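Have a look at the structure below before the remarks.
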Amino acid sequence: MTNLLGEPPETLLPSEPEPRVELESGTDPRVVAAAHPSSALPWAVLAEKALGDNDPVLSYAFARTGYHRSLDLLRRNGWKGHGPVPWSHEPNHGFLRSLAALARAAHAIGEEEEYVRCRNFLIETSPEAAEVLSID
């Protein structure tokens, strides 16, 4: 079935260079998250690190924080709860990485409904991010 109303426009989050530069320079992600708590990127980095350290509960908490911070930012930038959030736009990475980490952490703790919801949400908002971030 074709959507006669068309797809909503892409949501392109504004650039947040400070957290990205601090993370790239090696600043501890906890320090960056504390300095920029509304930025999803440091929360995503913390979630990914916790997963790598085999601490899925901590990862889940960090990822959920990044995810909810992202939802607030997405809404402030015109997102209506659906539509594309492209991976090709670097400022969207914090949201997409948080969402992917949330899916992985949910799967790791056996919360399958949340895993499926987050996985599907990632695929729907950015198929490219789902592929790049390898959530399956």
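Identifiers in this document derive from the order of the structure tokens: chains are assigned A, B, ..., residues are numbered from 1 separately in each chain, and ligands are numbered from 1 in order of occurrence.
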Write out as JSON lines the residues of segment 45-105 of chain A that have any atom within 10 Å of an atom of segment 109-129 of chain A, one row each with the nearest atom pair and its distance in Å to one decimal, counting only C-alpha atoms, sorted by chain and then rising number.
{"residue": "A:Asp55", "atom": "CA", "partner": "A:Ile109", "partner_atom": "CA", "distance": 9.6}
{"residue": "A:Pro56", "atom": "CA", "partner": "A:Ile109", "partner_atom": "CA", "distance": 6.5}
{"residue": "A:Val57", "atom": "CA", "partner": "A:Ile109", "partner_atom": "CA", "distance": 7.1}
{"residue": "A:Tyr60", "atom": "CA", "partner": "A:Ile109", "partner_atom": "CA", "distance": 8.7}
{"residue": "A:Gly81", "atom": "CA", "partner": "A:Thr125", "partner_atom": "CA", "distance": 10.0}
{"residue": "A:His82", "atom": "CA", "partner": "A:Thr125", "partner_atom": "CA", "distance": 7.2}
{"residue": "A:Gly83", "atom": "CA", "partner": "A:Thr125", "partner_atom": "CA", "distance": 5.9}
{"residue": "A:Pro84", "atom": "CA", "partner": "A:Thr125", "partner_atom": "CA", "distance": 4.5}
{"residue": "A:Val85", "atom": "CA", "partner": "A:Thr125", "partner_atom": "CA", "distance": 5.2}
{"residue": "A:Pro86", "atom": "CA", "partner": "A:Ser126", "partner_atom": "CA", "distance": 5.4}
{"residue": "A:Trp87", "atom": "CA", "partner": "A:Ala129", "partner_atom": "CA", "distance": 5.3}
{"residue": "A:Ser88", "atom": "CA", "partner": "A:Glu128", "partner_atom": "CA", "distance": 8.1}
{"residue": "A:Asn92", "atom": "CA", "partner": "A:Ala129", "partner_atom": "CA", "distance": 9.8}
{"residue": "A:His93", "atom": "CA", "partner": "A:Ala129", "partner_atom": "CA", "distance": 8.4}
{"residue": "A:Phe95", "atom": "CA", "partner": "A:Leu122", "partner_atom": "CA", "distance": 9.7}
{"residue": "A:Leu96", "atom": "CA", "partner": "A:Ala129", "partner_atom": "CA", "distance": 6.7}
{"residue": "A:Arg97", "atom": "CA", "partner": "A:Ala129", "partner_atom": "CA", "distance": 8.1}
{"residue": "A:Ser98", "atom": "CA", "partner": "A:Cys118", "partner_atom": "CA", "distance": 10.0}
{"residue": "A:Leu99", "atom": "CA", "partner": "A:Cys118", "partner_atom": "CA", "distance": 6.3}
{"residue": "A:Ala100", "atom": "CA", "partner": "A:Leu122", "partner_atom": "CA", "distance": 6.9}
{"residue": "A:Ala101", "atom": "CA", "partner": "A:Cys118", "partner_atom": "CA", "distance": 9.2}
{"residue": "A:Leu102", "atom": "CA", "partner": "A:Cys118", "partner_atom": "CA", "distance": 7.0}
{"residue": "A:Ala103", "atom": "CA", "partner": "A:Tyr115", "partner_atom": "CA", "distance": 4.4}
{"residue": "A:Arg104", "atom": "CA", "partner": "A:Tyr115", "partner_atom": "CA", "distance": 6.8}
{"residue": "A:Ala105", "atom": "CA", "partner": "A:Ile109", "partner_atom": "CA", "distance": 6.3}
Write the residues of the preceding selection, restricted to C-alpha atoms, as a PDB file, in the first residue's frame.
ATOM      1  CA  ASP A  55      27.693  -4.982  32.022  1.00  0.00           C
ATOM      2  CA  PRO A  56      24.345  -4.966  30.189  1.00  0.00           C
ATOM      3  CA  VAL A  57      22.390  -3.470  33.093  1.00  0.00           C
ATOM      4  CA  TYR A  60      20.788  -0.301  29.507  1.00  0.00           C
ATOM      5  CA  GLY A  81       7.256  10.565  16.493  1.00  0.00           C
ATOM      6  CA  HIS A  82       8.066   8.944  13.166  1.00  0.00           C
ATOM      7  CA  GLY A  83      10.008   9.527  10.015  1.00  0.00           C
ATOM      8  CA  PRO A  84      13.615   9.302   8.885  1.00  0.00           C
ATOM      9  CA  VAL A  85      16.538  10.258  11.099  1.00  0.00           C
ATOM     10  CA  PRO A  86      19.414   9.640   8.684  1.00  0.00           C
ATOM     11  CA  TRP A  87      22.734   8.140   9.754  1.00  0.00           C
ATOM     12  CA  SER A  88      24.438  10.225   7.053  1.00  0.00           C
ATOM     13  CA  ASN A  92      22.061  12.136  14.517  1.00  0.00           C
ATOM     14  CA  HIS A  93      24.650   9.547  15.600  1.00  0.00           C
ATOM     15  CA  PHE A  95      20.414   9.181  19.029  1.00  0.00           C
ATOM     16  CA  LEU A  96      20.943   6.274  16.665  1.00  0.00           C
ATOM     17  CA  ARG A  97      23.827   4.808  18.671  1.00  0.00           C
ATOM     18  CA  SER A  98      21.809   5.143  21.900  1.00  0.00           C
ATOM     19  CA  LEU A  99      18.869   3.377  20.298  1.00  0.00           C
ATOM     20  CA  ALA A 100      21.074   0.559  18.976  1.00  0.00           C
ATOM     21  CA  ALA A 101      22.783   0.173  22.363  1.00  0.00           C
ATOM     22  CA  LEU A 102      19.390   0.096  24.072  1.00  0.00           C
ATOM     23  CA  ALA A 103      18.292  -2.704  21.750  1.00  0.00           C
ATOM     24  CA  ARG A 104      21.471  -4.695  22.422  1.00  0.00           C
ATOM     25  CA  ALA A 105      21.319  -4.163  26.193  1.00  0.00           C
TER      26      ALA A 105
END
Would you compute the distance between atom CA of Val31 of chain A and atom CA of Trp43 of chain A? Give it in Å to one decimal.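 Going from atom CA of Val31 of chain A over to atom CA of Trp43 of chain A covers 10.7 Å.
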Alpha helix (DSSP H) call set, DSSP backbone run, segment 18-68 of chain A, as a ChimeraX atom specification: /A:18-24,29-35,40-52,56-68
If I take atom CA of His107 of chain A and atom CA of Thr11 of chain A, how far is one from the other in Å, to one decimal?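 Computing it gives 27.2 Å between the two atoms.
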Test item: residues at most 12 Å from Arg76 of chain A, only C-alpha atoms, excluding those fewer than 6 positions along its chain, as a list of chain:residue names: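 Counting only the stated atoms, we get A:Thr11, A:Leu12, A:Leu13, A:Pro14, A:Arg69, A:Ser70.
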Same residues, N, CA and C atoms, output as a PDB file, in the first residue's frame:
ATOM      1  N   THR A  11      14.640  14.277   9.815  1.00  0.00           N
ATOM      2  CA  THR A  11      14.982  15.103  10.966  1.00  0.00           C
ATOM      3  C   THR A  11      16.493  15.158  11.061  1.00  0.00           C
ATOM      4  N   LEU A  12      17.016  16.366  11.049  1.00  0.00           N
ATOM      5  CA  LEU A  12      18.458  16.598  11.122  1.00  0.00           C
ATOM      6  C   LEU A  12      18.740  17.371  12.403  1.00  0.00           C
ATOM      7  N   LEU A  13      19.311  16.681  13.370  1.00  0.00           N
ATOM      8  CA  LEU A  13      19.595  17.321  14.646  1.00  0.00           C
ATOM      9  C   LEU A  13      20.715  18.347  14.495  1.00  0.00           C
ATOM     10  N   PRO A  14      20.712  19.356  15.357  1.00  0.00           N
ATOM     11  CA  PRO A  14      21.767  20.367  15.277  1.00  0.00           C
ATOM     12  C   PRO A  14      23.110  19.797  15.727  1.00  0.00           C
ATOM     13  N   ARG A  69      17.072  11.558  26.126  1.00  0.00           N
ATOM     14  CA  ARG A  69      17.588  12.888  25.801  1.00  0.00           C
ATOM     15  C   ARG A  69      17.401  13.174  24.314  1.00  0.00           C
ATOM     16  N   SER A  70      17.586  12.151  23.503  1.00  0.00           N
ATOM     17  CA  SER A  70      17.423  12.288  22.053  1.00  0.00           C
ATOM     18  C   SER A  70      15.977  12.559  21.673  1.00  0.00           C
TER      19      SER A  70
END
Using atom CA of Leu23 of chain A and atom CA of Ala108 of chain A as the two end points, give the distance in Å to one decimal. 25.8 Å
Pick from A:Ala130, A:Ala47, A:Ala35, A:Ala40 nearest to Leu74 of chain A, counting only C-alpha atoms: A:Ala40
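You can rank A:Val21, A:Pro29, A:His68, A:Pro37 by their closest distance to Lys49 of chain A using only C-alpha atoms, and at the top of that list sits A:Pro29.
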